[in-house]
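Trainee: Below is the file data-v8.pdb, with PDB, C-alpha atoms, pLDDT in the B column.
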```
ATOM      1  CA  MET A   1     -48.479 -31.906   2.116  1.00 58.00           C
ATOM      2  CA  ALA A   2     -44.835 -31.898   0.981  1.00 59.00           C
ATOM      3  CA  ALA A   3     -42.250 -30.129   3.092  1.00 61.00           C
ATOM      4  CA  ASP A   4     -40.340 -27.250   1.548  1.00 60.00           C
ATOM      5  CA  PRO A   5     -37.014 -28.433   0.211  1.00 63.00           C
ATOM      6  CA  GLU A   6     -34.036 -27.596   2.365  1.00 68.00           C
ATOM      7  CA  PRO A   7     -32.186 -24.501   1.091  1.00 66.00           C
ATOM      8  CA  ASP A   8     -28.968 -25.150  -0.821  1.00 76.00           C
ATOM      9  CA  ARG A   9     -26.236 -24.032   1.575  1.00 80.00           C
ATOM     10  CA  ASP A  10     -23.749 -23.751  -1.314  1.00 84.00           C
ATOM     11  CA  ALA A  11     -25.968 -21.400  -3.330  1.00 87.00           C
ATOM     12  CA  PRO A  12     -24.489 -17.898  -3.600  1.00 92.00           C
ATOM     13  CA  ARG A  13     -26.049 -15.089  -1.603  1.00 91.00           C
ATOM     14  CA  TRP A  14     -26.454 -12.570  -4.417  1.00 94.00           C
ATOM     15  CA  LEU A  15     -25.815  -8.923  -3.657  1.00 95.00           C
ATOM     16  CA  ASP A  16     -28.761  -6.634  -3.081  1.00 95.00           C
ATOM     17  CA  ALA A  17     -28.688  -3.103  -4.529  1.00 96.00           C
ATOM     18  CA  ASP A  18     -27.000  -1.548  -1.458  1.00 96.00           C
ATOM     19  CA  GLU A  19     -24.391  -4.309  -1.260  1.00 96.00           C
ATOM     20  CA  LYS A  20     -23.695  -4.031  -4.991  1.00 96.00           C
ATOM     21  CA  GLU A  21     -23.241  -0.258  -4.663  1.00 96.00           C
ATOM     22  CA  ALA A  22     -20.778  -0.747  -1.771  1.00 95.00           C
ATOM     23  CA  TRP A  23     -18.862  -3.475  -3.635  1.00 95.00           C
ATOM     24  CA  THR A  24     -18.715  -1.482  -6.874  1.00 96.00           C
ATOM     25  CA  GLY A  25     -17.406   1.530  -4.962  1.00 94.00           C
ATOM     26  CA  LEU A  26     -14.731  -0.492  -3.219  1.00 93.00           C
ATOM     27  CA  ILE A  27     -13.501  -2.363  -6.283  1.00 95.00           C
ATOM     28  CA  SER A  28     -13.477   0.827  -8.358  1.00 94.00           C
ATOM     29  CA  LEU A  29     -11.443   2.510  -5.634  1.00 92.00           C
ATOM     30  CA  ALA A  30      -9.029  -0.427  -5.439  1.00 91.00           C
ATOM     31  CA  LEU A  31      -8.534  -0.587  -9.197  1.00 95.00           C
ATOM     32  CA  LEU A  32      -8.498   3.099 -10.136  1.00 95.00           C
ATOM     33  CA  MET A  33      -6.874   4.924  -7.228  1.00 95.00           C
ATOM     34  CA  PRO A  34      -3.382   3.366  -7.474  1.00 95.00           C
ATOM     35  CA  GLY A  35      -2.988   4.559 -11.074  1.00 96.00           C
ATOM     36  CA  ARG A  36      -4.222   8.023 -10.183  1.00 97.00           C
ATOM     37  CA  LEU A  37      -1.759   8.235  -7.275  1.00 97.00           C
ATOM     38  CA  GLU A  38       1.065   6.852  -9.422  1.00 97.00           C
ATOM     39  CA  ALA A  39       0.698   9.257 -12.357  1.00 97.00           C
ATOM     40  CA  PRO A  40       2.244  12.326 -10.684  1.00 97.00           C
ATOM     41  CA  LEU A  41       5.045  10.215  -9.164  1.00 97.00           C
ATOM     42  CA  HIS A  42       5.884   8.721 -12.522  1.00 97.00           C
ATOM     43  CA  GLN A  43       5.734  12.089 -14.239  1.00 96.00           C
ATOM     44  CA  GLN A  44       7.996  13.793 -11.683  1.00 94.00           C
ATOM     45  CA  SER A  45      10.510  11.054 -10.939  1.00 95.00           C
ATOM     46  CA  GLY A  46       9.760   7.989 -13.044  1.00 96.00           C
ATOM     47  CA  LEU A  47       8.709   6.011  -9.950  1.00 97.00           C
ATOM     48  CA  THR A  48       5.836   3.598  -9.690  1.00 96.00           C
ATOM     49  CA  LEU A  49       3.599   3.882  -6.635  1.00 96.00           C
ATOM     50  CA  PHE A  50       5.029   0.598  -5.317  1.00 96.00           C
ATOM     51  CA  GLU A  51       8.607   1.873  -5.750  1.00 97.00           C
ATOM     52  CA  TYR A  52       7.750   5.104  -3.954  1.00 97.00           C
ATOM     53  CA  MET A  53       6.020   3.260  -1.107  1.00 96.00           C
ATOM     54  CA  THR A  54       9.053   0.971  -0.810  1.00 97.00           C
ATOM     55  CA  LEU A  55      11.465   3.905  -0.611  1.00 98.00           C
ATOM     56  CA  SER A  56       9.158   5.751   1.774  1.00 97.00           C
ATOM     57  CA  GLN A  57       8.916   2.794   4.150  1.00 96.00           C
ATOM     58  CA  ILE A  58      12.698   2.399   4.207  1.00 98.00           C
ATOM     59  CA  SER A  59      13.095   6.138   4.851  1.00 97.00           C
ATOM     60  CA  GLU A  60      10.839   5.915   7.912  1.00 96.00           C
ATOM     61  CA  ALA A  61      12.598   2.890   9.412  1.00 97.00           C
ATOM     62  CA  PRO A  62      15.111   3.488  12.211  1.00 96.00           C
ATOM     63  CA  GLY A  63      18.432   4.389  10.612  1.00 97.00           C
ATOM     64  CA  ARG A  64      16.717   4.071   7.201  1.00 98.00           C
ATOM     65  CA  VAL A  65      17.350   0.302   7.350  1.00 98.00           C
ATOM     66  CA  ILE A  66      14.701  -2.433   7.388  1.00 97.00           C
ATOM     67  CA  ARG A  67      14.510  -6.188   6.935  1.00 96.00           C
ATOM     68  CA  MET A  68      13.182  -7.161   3.526  1.00 95.00           C
ATOM     69  CA  SER A  69      10.556  -9.406   5.147  1.00 93.00           C
ATOM     70  CA  GLU A  70       9.200  -6.487   7.186  1.00 93.00           C
ATOM     71  CA  LEU A  71       9.313  -4.245   4.128  1.00 95.00           C
ATOM     72  CA  ALA A  72       7.320  -6.820   2.154  1.00 93.00           C
ATOM     73  CA  TYR A  73       4.706  -6.825   4.904  1.00 90.00           C
ATOM     74  CA  LEU A  74       4.489  -3.022   5.043  1.00 90.00           C
ATOM     75  CA  THR A  75       4.262  -2.637   1.267  1.00 90.00           C
ATOM     76  CA  ASN A  76       1.921  -5.621   0.908  1.00 87.00           C
ATOM     77  CA  GLY A  77       4.236  -7.134  -1.661  1.00 85.00           C
ATOM     78  CA  SER A  78       5.542 -10.651  -1.950  1.00 88.00           C
ATOM     79  CA  LEU A  79       9.219 -11.121  -1.191  1.00 88.00           C
ATOM     80  CA  SER A  80       9.889 -11.983  -4.840  1.00 91.00           C
ATOM     81  CA  ARG A  81       8.123  -8.849  -6.130  1.00 93.00           C
ATOM     82  CA  LEU A  82       9.850  -6.709  -3.539  1.00 94.00           C
ATOM     83  CA  SER A  83      13.218  -8.284  -4.330  1.00 94.00           C
ATOM     84  CA  ASN A  84      12.803  -7.380  -8.009  1.00 95.00           C
ATOM     85  CA  VAL A  85      11.794  -3.814  -7.170  1.00 96.00           C
ATOM     86  CA  VAL A  86      14.637  -3.365  -4.667  1.00 97.00           C
ATOM     87  CA  LYS A  87      17.067  -4.735  -7.253  1.00 97.00           C
ATOM     88  CA  ARG A  88      15.960  -1.965  -9.654  1.00 97.00           C
ATOM     89  CA  LEU A  89      16.229   0.627  -6.877  1.00 98.00           C
ATOM     90  CA  GLU A  90      19.705  -0.710  -6.068  1.00 98.00           C
ATOM     91  CA  GLN A  91      20.766  -0.361  -9.716  1.00 98.00           C
ATOM     92  CA  ARG A  92      19.678   3.280  -9.601  1.00 97.00           C
ATOM     93  CA  GLY A  93      21.789   3.860  -6.474  1.00 98.00           C
ATOM     94  CA  TRP A  94      18.862   4.503  -4.122  1.00 98.00           C
ATOM     95  CA  VAL A  95      18.976   1.347  -1.979  1.00 98.00           C
ATOM     96  CA  THR A  96      21.590  -1.159  -0.853  1.00 98.00           C
ATOM     97  CA  ARG A  97      21.031  -4.693   0.408  1.00 97.00           C
ATOM     98  CA  SER A  98      23.159  -6.613   2.879  1.00 97.00           C
ATOM     99  CA  PRO A  99      22.875  -9.582   5.218  1.00 96.00           C
ATOM    100  CA  ASP A 100      21.438  -8.735   8.630  1.00 95.00           C
ATOM    101  CA  PRO A 101      24.415  -8.891  11.043  1.00 94.00           C
ATOM    102  CA  ALA A 102      22.048  -9.898  13.868  1.00 93.00           C
ATOM    103  CA  ASP A 103      20.722 -12.858  11.877  1.00 93.00           C
ATOM    104  CA  GLY A 104      22.266 -13.726   8.519  1.00 88.00           C
ATOM    105  CA  ARG A 105      19.077 -15.460   7.381  1.00 92.00           C
ATOM    106  CA  TYR A 106      17.574 -12.015   6.816  1.00 94.00           C
ATOM    107  CA  THR A 107      18.459  -9.342   4.281  1.00 95.00           C
ATOM    108  CA  LEU A 108      18.441  -5.659   5.134  1.00 97.00           C
ATOM    109  CA  ALA A 109      17.446  -2.915   2.736  1.00 97.00           C
ATOM    110  CA  ALA A 110      19.052   0.469   3.420  1.00 98.00           C
ATOM    111  CA  LEU A 111      18.274   3.804   1.836  1.00 98.00           C
ATOM    112  CA  THR A 112      21.281   5.577   0.361  1.00 98.00           C
ATOM    113  CA  ASP A 113      21.722   9.330   0.627  1.00 98.00           C
ATOM    114  CA  ALA A 114      20.615   9.625  -3.007  1.00 98.00           C
ATOM    115  CA  GLY A 115      17.546   7.514  -2.214  1.00 98.00           C
ATOM    116  CA  HIS A 116      16.734   9.722   0.751  1.00 98.00           C
ATOM    117  CA  GLU A 117      17.081  12.842  -1.411  1.00 98.00           C
ATOM    118  CA  LEU A 118      14.683  11.259  -3.908  1.00 97.00           C
ATOM    119  CA  VAL A 119      12.100  10.509  -1.209  1.00 97.00           C
ATOM    120  CA  VAL A 120      12.404  14.039   0.172  1.00 97.00           C
ATOM    121  CA  SER A 121      11.965  15.595  -3.279  1.00 96.00           C
ATOM    122  CA  THR A 122       9.135  13.254  -4.278  1.00 97.00           C
ATOM    123  CA  ALA A 123       7.143  13.263  -1.017  1.00 97.00           C
ATOM    124  CA  PRO A 124       5.483  16.638  -1.721  1.00 97.00           C
ATOM    125  CA  VAL A 125       4.238  15.342  -5.089  1.00 97.00           C
ATOM    126  CA  HIS A 126       2.809  12.256  -3.427  1.00 97.00           C
ATOM    127  CA  VAL A 127       1.177  14.098  -0.531  1.00 97.00           C
ATOM    128  CA  ARG A 128      -0.415  16.591  -2.947  1.00 97.00           C
ATOM    129  CA  ALA A 129      -1.940  13.701  -4.889  1.00 97.00           C
ATOM    130  CA  VAL A 130      -3.121  12.003  -1.679  1.00 97.00           C
ATOM    131  CA  ARG A 131      -4.739  15.222  -0.514  1.00 97.00           C
ATOM    132  CA  GLU A 132      -6.296  16.080  -3.893  1.00 97.00           C
ATOM    133  CA  LEU A 133      -7.544  12.595  -4.763  1.00 96.00           C
ATOM    134  CA  VAL A 134      -8.360  11.109  -1.354  1.00 95.00           C
ATOM    135  CA  LEU A 135      -8.396  13.384   1.669  1.00 96.00           C
ATOM    136  CA  ASP A 136      -9.668  16.782   0.497  1.00 97.00           C
ATOM    137  CA  PRO A 137     -12.893  15.463  -1.075  1.00 96.00           C
ATOM    138  CA  LEU A 138     -13.749  13.830   2.285  1.00 96.00           C
ATOM    139  CA  ASN A 139     -14.894  15.537   5.448  1.00 97.00           C
ATOM    140  CA  LYS A 140     -13.620  14.507   8.874  1.00 97.00           C
ATOM    141  CA  ALA A 141     -16.444  11.986   9.389  1.00 97.00           C
ATOM    142  CA  ASP A 142     -15.712  10.434   5.960  1.00 96.00           C
ATOM    143  CA  ARG A 143     -12.004  10.117   6.775  1.00 96.00           C
ATOM    144  CA  GLN A 144     -12.801   8.515  10.118  1.00 96.00           C
ATOM    145  CA  ALA A 145     -15.238   6.135   8.413  1.00 95.00           C
ATOM    146  CA  LEU A 146     -12.618   5.230   5.810  1.00 92.00           C
ATOM    147  CA  ALA A 147     -10.060   4.449   8.529  1.00 90.00           C
ATOM    148  CA  ARG A 148     -12.658   2.460  10.482  1.00 92.00           C
ATOM    149  CA  ILE A 149     -13.656   0.472   7.373  1.00 91.00           C
ATOM    150  CA  ALA A 150     -10.015  -0.245   6.512  1.00 86.00           C
ATOM    151  CA  ALA A 151      -9.470  -1.505  10.065  1.00 86.00           C
ATOM    152  CA  LYS A 152     -12.579  -3.710   9.914  1.00 87.00           C
ATOM    153  CA  LEU A 153     -11.508  -5.149   6.571  1.00 87.00           C
ATOM    154  CA  ARG A 154      -7.979  -5.624   7.945  1.00 77.00           C
ATOM    155  CA  THR A 155      -6.376  -3.740   5.078  1.00 67.00           C
ATOM    156  CA  ARG A 156      -3.888  -1.873   7.274  1.00 59.00           C
ATOM    157  CA  PRO A 157      -1.015  -3.517   9.089  1.00 58.00           C
ATOM    158  CA  SER A 158      -1.616  -2.897  12.788  1.00 55.00           C
ATOM    159  CA  ASP A 159       1.859  -1.422  13.206  1.00 49.00           C
ATOM    160  CA  TYR A 160       1.655   0.807  10.133  1.00 48.00           C
ATOM    161  CA  GLY A 161       2.947   4.255  11.007  1.00 46.00           C
ATOM    162  CA  GLN A 162       0.519   7.097  11.650  1.00 40.00           C
ATOM    163  CA  ALA A 163       2.609   9.552   9.590  1.00 38.00           C
ATOM    164  CA  HIS A 164       1.272   8.321   6.254  1.00 37.00           C
TER     165      HIS A 164
END
```
Could you rewrite the structure in this file as structure tokens?
Mentor:
Amino acid sequence: MAADPEPDRDAPRWLDADEKEAWTGLISLALLMPGRLEAPLHQQSGLTLFEYMTLSQISEAPGRVIRMSELAYLTNGSLSRLSNVVKRLEQRGWVTRSPDPADGRYTLAALTDAGHELVVSTAPVHVRAVRELVLDPLNKADRQALARIAAKLRTRPSDYGQAH
């Protein structure tokens, strides 16, 4: 009697129906939600979601100043992408960049008064979209589950502010 062949350890573990449903939900959320959240921002102020999140993170930093490396971490953007975005925000008069006086190897991004005014005027548009598209359709248990899942999947920086 021949022994069963050893299973191929490199063979993919295909998704069952429940796993496929979970994956399809997640990838649809990841691909569709940013555009839906960006549309009202772009309509009201011409900002992309990434630009708004960049300005928002700077506005919440102490003194409205933050190291570019920390900002890249909080916005989940590469330094080169962030640098290009901040350059555009600088050209519009909303952000300034300067060497960090504590350590010249770092660059600081600071929100200008005009940039702060933009964040203040745009925040209600963003929070309405967040509520309408994400939070209001969910009950408390759903919101807690979403936060728990995000934590398990490590999609939130551990020091990300609770005010978002």
Trainee: Choose the residue, out of A:Ala141, A:Val130, A:Ala147, A:Ile66, that has the smallest atom-to-atom separation from Leu49 (chain A); count all atoms listed in the file.
Mentor: A:Val130
Trainee: Apply the PyMOL selection byres ((chain A and resi 56) around 10) to the structure shown and report the selected residues as a PyMOL selection string.
Mentor: chain A and resi 50-55+57-61+64+75+111+115-116+118-120+122-123+164
Trainee: Mind giving me the straight-line distance from CA of Leu32 (chain A) to CA of Pro124 (chain A) in Å, one decimal?
Mentor: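 Interatomic distance here is 21.2 Å.
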Trainee: So which residues get picked by the PyMOL selection byres ((chain A and resi 41) around 9) here, written as number ranges by chain?
Mentor: A: 37-40, 42-49, 52, 122-123, 125-126, 129
Trainee: Given the file shown, determine the residues that the PyMOL selection byres ((chain A and resi 93-96) around 8) selects; report them as a list in words.
Mentor: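 On this input, the PyMOL selection byres ((chain A and resi 93-96) around 8) captures Val86, Leu89, Glu90, Gln91, Arg92, Arg97, Ser98, Ala109, Ala110, Leu111, Thr112, Asp113, Ala114, Gly115, His116 and Leu118 of chain A.
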Trainee: One decimal, Å: what's the distance from CA of Pro12 (chain A) over to CA of Ala30 (chain A), could you say?
Mentor: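 Result for CA of Pro12 (chain A) versus CA of Ala30 (chain A): 23.4 Å, one decimal.
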Trainee: To one decimal in Å, tell me the separation between CA of Arg67 (chain A) and CA of Arg36 (chain A).
Mentor: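 Between CA of Arg67 (chain A) and CA of Arg36 (chain A) the gap works out to 29.1 Å.
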Trainee: Would you please work out which residue, of A:Leu108, A:Met33, A:Leu71, A:Leu153, is nearest to Val134 (chain A) when using only C-alpha atoms?
Mentor: A:Met33
Trainee: Taking all atoms of region 12-31 of chain A that the file lists, what box with edges along x, y and z, padded by 4 Å per side, do you get, with centre and edge lengths in Å to one decimal, as JSON?
Mentor:
```
{"center_x": -18.6, "center_y": -7.7, "center_z": -5.2, "size_x": 28.2, "size_y": 28.4, "size_z": 15.9}
```
